[in-house]
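data-v7.txt (compact mmCIF, C-alpha atoms) appears below.
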# COMPACT_ATOMS: atom_id res chain seq x y z
CA MET Z 1 -107.84 222.90 21.22
CA SER Z 2 -106.55 219.41 20.48
CA THR Z 3 -103.26 217.95 21.73
CA PRO Z 4 -100.53 215.86 20.05
CA HIS Z 5 -102.29 212.75 21.37
CA ASN Z 6 -105.97 213.70 21.27
CA SER Z 7 -107.99 215.17 18.43
CA ALA Z 8 -111.10 215.77 20.54
CA LEU Z 9 -112.47 219.29 20.46
CA PRO Z 10 -113.19 221.33 23.59
CA GLY Z 11 -116.41 220.13 25.19
CA GLN Z 12 -116.25 216.65 23.65
CA LEU Z 13 -114.96 214.98 26.81
CA ALA Z 14 -117.36 214.42 29.70
CA PRO Z 15 -116.49 215.47 33.27
CA THR Z 16 -115.89 211.77 34.04
CA VAL Z 17 -113.53 209.60 31.97
CA LEU Z 18 -113.18 205.83 32.28
CA MET Z 19 -109.64 204.84 31.38
CA PRO Z 20 -108.96 201.28 30.18
CA GLY Z 21 -105.44 200.68 28.95
CA ASP Z 22 -106.57 198.89 25.79
CA PRO Z 23 -108.27 201.14 23.19
CA LEU Z 24 -110.21 198.15 21.83
CA ARG Z 25 -111.58 197.57 25.31
CA ALA Z 26 -112.66 201.22 25.31
CA LYS Z 27 -114.52 200.56 22.06
CA TYR Z 28 -116.19 197.46 23.52
CA MET Z 29 -117.27 199.35 26.65
CA ALA Z 30 -118.69 202.26 24.68
CA GLU Z 31 -120.63 200.01 22.31
CA HIS Z 32 -122.06 197.80 25.07
CA PHE Z 33 -122.77 200.29 27.86
CA LEU Z 34 -123.32 203.76 26.39
CA SER Z 35 -125.98 205.29 24.18
CA ASP Z 36 -125.58 207.99 21.51
CA VAL Z 37 -121.88 207.19 21.24
CA VAL Z 38 -119.55 209.53 19.34
CA LEU Z 39 -115.94 208.73 18.42
CA ILE Z 40 -113.92 211.68 19.73
CA ASN Z 41 -110.36 210.45 19.21
CA ASP Z 42 -108.44 208.01 17.04
CA VAL Z 43 -104.97 209.57 17.11
CA ARG Z 44 -102.41 206.71 17.31
CA ASN Z 45 -105.48 204.41 17.36
CA MET Z 46 -105.98 205.34 21.03
CA LEU Z 47 -109.73 205.23 20.65
CA GLY Z 48 -111.94 207.51 22.72
CA PHE Z 49 -115.74 207.74 22.86
CA THR Z 50 -118.29 209.97 24.55
CA GLY Z 51 -121.86 208.85 25.13
CA PHE Z 52 -124.52 208.60 27.80
CA PHE Z 53 -125.07 206.19 30.67
CA GLN Z 54 -128.48 206.53 32.34
CA GLY Z 55 -128.76 210.06 30.99
CA ARG Z 56 -125.33 211.22 32.12
CA SER Z 57 -122.46 212.05 29.81
CA VAL Z 58 -119.36 209.87 30.16
CA THR Z 59 -116.18 209.41 28.13
CA ILE Z 60 -114.34 206.12 27.75
CA MET Z 61 -110.86 206.30 26.26
CA GLY Z 62 -107.81 204.06 26.12
CA THR Z 63 -104.62 205.27 27.80
CA GLY Z 64 -102.02 202.66 26.92
CA MET Z 65 -99.75 200.73 29.28
CA GLY Z 66 -97.57 202.04 32.08
CA ALA Z 67 -97.00 205.25 34.01
CA ALA Z 68 -95.64 207.28 31.10
CA SER Z 69 -98.62 206.71 28.80
CA THR Z 70 -101.19 207.05 31.60
CA GLY Z 71 -99.53 210.24 32.79
CA ILE Z 72 -99.75 211.81 29.34
CA TYR Z 73 -103.46 211.11 28.86
CA ALA Z 74 -104.44 211.91 32.45
CA HIS Z 75 -102.63 215.25 32.24
CA GLU Z 76 -104.33 216.16 28.97
CA PHE Z 77 -107.77 215.06 30.18
CA ILE Z 78 -107.43 217.35 33.19
CA HIS Z 79 -105.55 220.37 31.86
CA HIS Z 80 -106.77 220.53 28.24
CA TYR Z 81 -110.31 219.19 28.57
CA GLY Z 82 -111.37 220.01 32.14
CA VAL Z 83 -112.08 216.43 33.27
CA LYS Z 84 -112.91 216.23 36.99
CA GLN Z 85 -113.11 212.47 37.64
CA LEU Z 86 -110.70 209.88 36.23
CA ILE Z 87 -111.48 206.19 36.78
CA ARG Z 88 -109.02 203.55 35.65
CA VAL Z 89 -110.64 200.24 34.69
CA GLY Z 90 -108.18 197.47 33.96
CA SER Z 91 -106.63 194.17 34.89
CA THR Z 92 -104.36 193.24 37.77
CA GLY Z 93 -102.37 190.23 38.93
CA SER Z 94 -102.99 188.92 42.44
CA ILE Z 95 -100.08 188.37 44.83
CA GLN Z 96 -102.22 187.34 47.83
CA ALA Z 97 -103.88 183.94 48.33
CA HIS Z 98 -107.21 185.46 49.36
CA VAL Z 99 -107.37 187.69 46.25
CA ARG Z 100 -108.63 185.29 43.62
CA VAL Z 101 -108.96 185.40 39.88
CA ASN Z 102 -112.16 187.18 38.83
CA ASP Z 103 -112.28 189.25 42.04
CA ILE Z 104 -112.37 193.05 41.93
CA VAL Z 105 -109.65 195.16 43.53
CA ILE Z 106 -110.49 198.76 44.42
CA ALA Z 107 -107.14 200.50 44.85
CA GLN Z 108 -107.11 202.57 48.01
CA GLY Z 109 -103.46 203.37 47.42
CA ALA Z 110 -100.78 202.64 44.85
CA SER Z 111 -97.18 201.91 45.74
CA THR Z 112 -94.59 201.79 42.96
CA ASP Z 113 -91.08 201.01 41.76
CA SER Z 114 -91.36 203.96 39.33
CA ASN Z 115 -89.70 207.36 39.64
CA PHE Z 116 -92.83 209.11 38.30
CA ALA Z 117 -93.12 211.23 41.47
CA ASP Z 118 -89.66 212.77 41.01
CA GLN Z 119 -91.09 215.42 38.67
CA PHE Z 120 -93.01 216.99 41.55
CA ASP Z 121 -89.85 217.60 43.64
CA ILE Z 122 -91.59 216.47 46.84
CA PRO Z 123 -89.27 216.70 49.89
CA GLY Z 124 -90.06 213.14 50.95
CA GLN Z 125 -92.17 210.19 49.83
CA MET Z 126 -95.84 210.85 49.09
CA SER Z 127 -98.59 208.27 49.43
CA ALA Z 128 -100.54 207.94 46.19
CA LEU Z 129 -104.16 207.64 47.30
CA ALA Z 130 -107.55 207.39 45.65
CA ASP Z 131 -110.25 209.98 46.20
CA PHE Z 132 -112.09 208.82 49.31
CA GLY Z 133 -115.53 209.79 48.01
CA LEU Z 134 -115.13 207.66 44.90
CA LEU Z 135 -113.49 204.88 46.91
CA SER Z 136 -116.21 204.65 49.55
CA LYS Z 137 -119.01 204.80 46.97
CA ALA Z 138 -117.36 202.09 44.85
CA ALA Z 139 -117.05 199.82 47.89
CA SER Z 140 -120.69 200.42 48.82
CA VAL Z 141 -121.91 199.68 45.30
CA ALA Z 142 -119.71 196.58 45.08
CA GLU Z 143 -121.27 195.38 48.33
CA ASN Z 144 -124.78 195.96 46.99
CA MET Z 145 -123.86 194.16 43.75
CA ARG Z 146 -122.58 191.25 45.86
CA LEU Z 147 -119.26 191.29 44.07
CA GLN Z 148 -116.16 189.56 45.40
CA TYR Z 149 -114.03 192.64 46.00
CA HIS Z 150 -111.06 193.87 48.01
CA VAL Z 151 -110.02 197.38 49.02
CA GLY Z 152 -106.35 198.04 49.66
CA ASN Z 153 -102.90 198.81 48.32
CA VAL Z 154 -101.69 197.80 44.87
CA VAL Z 155 -98.25 198.25 43.33
CA SER Z 156 -97.85 200.03 40.00
CA SER Z 157 -94.72 198.58 38.44
CA ASP Z 158 -92.69 199.87 35.52
CA PHE Z 159 -91.78 196.27 34.73
CA PHE Z 160 -94.08 193.70 33.18
CA TYR Z 161 -91.10 191.38 32.68
CA HIS Z 162 -88.90 191.90 35.75
CA ASP Z 163 -85.44 190.38 35.67
CA ASP Z 164 -86.03 189.10 39.22
CA LYS Z 165 -89.04 186.82 38.81
CA GLU Z 166 -89.45 186.60 42.61
CA ASN Z 167 -89.50 190.38 43.08
CA TRP Z 168 -93.25 190.44 43.72
CA LYS Z 169 -92.86 188.42 46.92
CA GLN Z 170 -91.29 191.39 48.71
CA TRP Z 171 -94.39 193.45 47.92
CA ALA Z 172 -96.65 190.60 49.04
CA LYS Z 173 -94.93 190.59 52.46
CA MET Z 174 -96.09 194.19 52.89
CA GLY Z 175 -99.73 193.27 52.27
CA ILE Z 176 -99.93 194.56 48.70
CA LEU Z 177 -102.96 192.99 47.04
CA SER Z 178 -101.95 192.92 43.39
CA LEU Z 179 -99.69 194.18 40.62
CA GLU Z 180 -100.60 196.61 37.85
CA MET Z 181 -98.86 199.45 36.00
CA GLU Z 182 -100.88 202.69 36.01
CA ALA Z 183 -102.67 203.66 39.24
CA HIS Z 184 -99.70 205.39 40.91
CA ALA Z 185 -99.21 207.80 38.01
CA LEU Z 186 -102.94 208.44 37.79
CA TYR Z 187 -103.30 209.19 41.52
CA LEU Z 188 -100.35 211.60 41.65
CA THR Z 189 -101.39 213.42 38.47
CA ALA Z 190 -104.90 213.84 39.86
CA ALA Z 191 -103.62 214.94 43.29
CA ARG Z 192 -101.39 217.59 41.73
CA ALA Z 193 -104.36 218.99 39.81
CA GLY Z 194 -106.88 218.72 42.65
CA VAL Z 195 -109.25 216.36 40.84
CA LYS Z 196 -110.65 212.92 41.72
CA ALA Z 197 -109.22 209.56 40.69
CA LEU Z 198 -109.84 205.89 41.39
CA ALA Z 199 -108.62 202.57 39.98
CA ILE Z 200 -111.02 199.63 39.80
CA LEU Z 201 -109.33 196.43 38.67
CA THR Z 202 -110.32 192.90 37.74
CA VAL Z 203 -107.97 190.12 38.84
CA SER Z 204 -107.05 188.46 35.56
CA ASP Z 205 -104.36 186.15 36.90
CA SER Z 206 -102.69 185.00 40.12
CA LEU Z 207 -98.97 184.77 40.74
CA ILE Z 208 -99.83 182.55 43.72
CA THR Z 209 -101.74 179.83 41.87
CA GLY Z 210 -100.77 180.42 38.25
CA GLU Z 211 -104.45 180.61 37.30
CA ALA Z 212 -105.49 183.04 34.56
CA LEU Z 213 -108.77 184.05 32.94
CA SER Z 214 -109.54 183.02 29.39
CA ALA Z 215 -110.57 185.67 26.87
CA ASP Z 216 -114.28 184.85 27.33
CA GLU Z 217 -114.00 184.87 31.11
CA ARG Z 218 -112.24 188.23 31.02
CA GLU Z 219 -115.10 189.73 29.03
CA GLN Z 220 -117.71 188.57 31.55
CA SER Z 221 -115.79 189.61 34.66
CA PHE Z 222 -114.65 192.91 33.15
CA ASP Z 223 -118.30 193.75 32.49
CA GLN Z 224 -118.91 193.69 36.26
CA MET Z 225 -115.99 196.10 36.75
CA VAL Z 226 -117.37 198.47 34.09
CA ARG Z 227 -120.83 198.47 35.65
CA LEU Z 228 -119.24 199.30 39.01
CA ALA Z 229 -117.22 202.14 37.49
CA LEU Z 230 -120.20 203.57 35.62
CA SER Z 231 -122.19 203.69 38.86
CA LEU Z 232 -119.77 206.43 39.97
CA VAL Z 233 -120.67 208.71 37.05

Output the file's structure in the form of structure tokens.
Amino acid sequence: MSTPHNSALPGQLAPTVLMPGDPLRAKYMAEHFLSDVVLINDVRNMLGFTGFFQGRSVTIMGTGMGAASTGIYAHEFIHHYGVKQLIRVGSTGSIQAHVRVNDIVIAQGASTDSNFADQFDIPGQMSALADFGLLSKAASVAENMRLQYHVGNVVSSDFFYHDDKENWKQWAKMGILSLEMEAHALYLTAARAGVKALAILTVSDSLITGEALSADEREQSFDQMVRLALSLV
């Protein structure tokens, strides 16, 4: 049965879904990395594709920006389509000097300024963590690929344009590697359902240096991130 946001039929999503925020990036990934690709969703132009990578079925589908959009798609992937592994692939902004543009960040945990966790009525503050099996394998593969990568804590913010432009410095003091907008919601949604999740991110810009990748540079560096993510399928 389809959902208000996904026209895919039962069985059309693979057990593993790669989740870029941008649906056009999902299209690019499917066309460049998968074989026998089938379009499974175009509701709201949130494009989704299922195909094969080295003989294994995998789905790549856009999820939009922020906790609310990511939470919707992650919930439906899990509860309506039986997805068991959810891997976010996206961009992130560095807030540490040693985390440079073009590096890969593998998010061990995701802090936040969001109230996304309130829905679970947890009697305290829960750490939003990646699945350790996916995390350790991703780090091992990144090492073998000789990528410049970092494993650690990111912050998933509800604010792309924060009124306090220096707000990120408080997170940096706590050792947070980079800023993004989705991993916290993904990790908690997966934890609640007992499935696996991981965020693998490419550093597209640095709040320390002001450096940012061009469109062409993003395509090349994001390809490395996608190859890393697909190795987990």

8 Å contact set for region 115-127 of chain Z, all atoms listed in the file, chain neighbours under 5 positions out, as a ChimeraX atom specification: /Z:67-68,109-110,185,188

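CA of Ser111 (chain Z) to CA of Ala26 (chain Z) spans 25.6 Å [interatomic distance, one decimal].
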
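Among Z:Ala212, Z:Val233, Z:Ala128, Z:Ala139, the residue with the shortest atom-to-atom distance to Glu182 (chain Z), counting all atoms listed in the file, is Z:Ala128.
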
What's the separation between CA of Ser214 (chain Z) and CA of Phe160 (chain Z), in Å to one decimal place?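 So the two atoms, CA of Ser214 (chain Z) and CA of Phe160 (chain Z), lie 19.2 Å apart.
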
To one decimal in Å, tell me the separation between CA of Leu39 (chain Z) and CA of Ser57 (chain Z).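 Taking CA of Leu39 (chain Z) and CA of Ser57 (chain Z), their separation equals 13.5 Å.
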
Nearest to Leu134 (chain Z), restricted to all atoms listed in the file and choosing among Z:Gln148, Z:Ser231, Z:Ser178, Z:Ser69, comes out as Z:Ser231

Residues near region 47-49 of chain Z, cut-off 9 Å, all atoms listed in the file, skip fewer than 6 positions along chain, as an NGL selection string: :Z and (6 or 8 or 12-13 or 22-24 or 26-27 or 30 or 37-41 or 58-63)

Step by step: start from the point (-102.0, 198.4, 44.8) in the file's coordinates, keep every protein, DNA or RNA residue that has an atom no farther than 10 Å from it, count all atoms listed in the file, and write the set as a ChimeraX atom specification. /Z:92,94,105-112,128-129,151-157,171,175-184,199,201

Output C-alpha atoms of each residue in that selection to a file, as a PDB file, in the coordinates of the input.
ATOM      1  CA  THR Z  92    -104.360 193.240  37.770  1.00  0.00           C
ATOM      2  CA  SER Z  94    -102.990 188.920  42.440  1.00  0.00           C
ATOM      3  CA  VAL Z 105    -109.650 195.160  43.530  1.00  0.00           C
ATOM      4  CA  ILE Z 106    -110.490 198.760  44.420  1.00  0.00           C
ATOM      5  CA  ALA Z 107    -107.140 200.500  44.850  1.00  0.00           C
ATOM      6  CA  GLN Z 108    -107.110 202.570  48.010  1.00  0.00           C
ATOM      7  CA  GLY Z 109    -103.460 203.370  47.420  1.00  0.00           C
ATOM      8  CA  ALA Z 110    -100.780 202.640  44.850  1.00  0.00           C
ATOM      9  CA  SER Z 111     -97.180 201.910  45.740  1.00  0.00           C
ATOM     10  CA  THR Z 112     -94.590 201.790  42.960  1.00  0.00           C
ATOM     11  CA  ALA Z 128    -100.540 207.940  46.190  1.00  0.00           C
ATOM     12  CA  LEU Z 129    -104.160 207.640  47.300  1.00  0.00           C
ATOM     13  CA  VAL Z 151    -110.020 197.380  49.020  1.00  0.00           C
ATOM     14  CA  GLY Z 152    -106.350 198.040  49.660  1.00  0.00           C
ATOM     15  CA  ASN Z 153    -102.900 198.810  48.320  1.00  0.00           C
ATOM     16  CA  VAL Z 154    -101.690 197.800  44.870  1.00  0.00           C
ATOM     17  CA  VAL Z 155     -98.250 198.250  43.330  1.00  0.00           C
ATOM     18  CA  SER Z 156     -97.850 200.030  40.000  1.00  0.00           C
ATOM     19  CA  SER Z 157     -94.720 198.580  38.440  1.00  0.00           C
ATOM     20  CA  TRP Z 171     -94.390 193.450  47.920  1.00  0.00           C
ATOM     21  CA  GLY Z 175     -99.730 193.270  52.270  1.00  0.00           C
ATOM     22  CA  ILE Z 176     -99.930 194.560  48.700  1.00  0.00           C
ATOM     23  CA  LEU Z 177    -102.960 192.990  47.040  1.00  0.00           C
ATOM     24  CA  SER Z 178    -101.950 192.920  43.390  1.00  0.00           C
ATOM     25  CA  LEU Z 179     -99.690 194.180  40.620  1.00  0.00           C
ATOM     26  CA  GLU Z 180    -100.600 196.610  37.850  1.00  0.00           C
ATOM     27  CA  MET Z 181     -98.860 199.450  36.000  1.00  0.00           C
ATOM     28  CA  GLU Z 182    -100.880 202.690  36.010  1.00  0.00           C
ATOM     29  CA  ALA Z 183    -102.670 203.660  39.240  1.00  0.00           C
ATOM     30  CA  HIS Z 184     -99.700 205.390  40.910  1.00  0.00           C
ATOM     31  CA  ALA Z 199    -108.620 202.570  39.980  1.00  0.00           C
ATOM     32  CA  LEU Z 201    -109.330 196.430  38.670  1.00  0.00           C
TER      33      LEU Z 201
END

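Shortest separation to Phe132 (chain Z) among Z:Val195, Z:Leu34, Z:Ala14, Z:Met19 occurs at residue Z:Val195, atoms counted being only C-alpha atoms.
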
With only C-alpha atoms as the counted atoms, please give the residues lying no more than 8 Å from region 72-78 of chain Z, apart from itself and same-chain residues fewer than 5 positions off, as a PyMOL selection string. chain Z and resi 3+5+13+63+83-84+86+186+189-190+193+195

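The closest residue to Asp216 (chain Z), picked from Z:Gly93, Z:Leu135, Z:Asn102, Z:Leu198 and counting only C-alpha atoms, is Z:Asn102.
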
Return the single residue from Z:Gly51, Z:Gly82, Z:Gly133, Z:Gly71 that is closest to Gly11 (chain Z), with distances computed using all atoms listed in the file. Z:Gly82
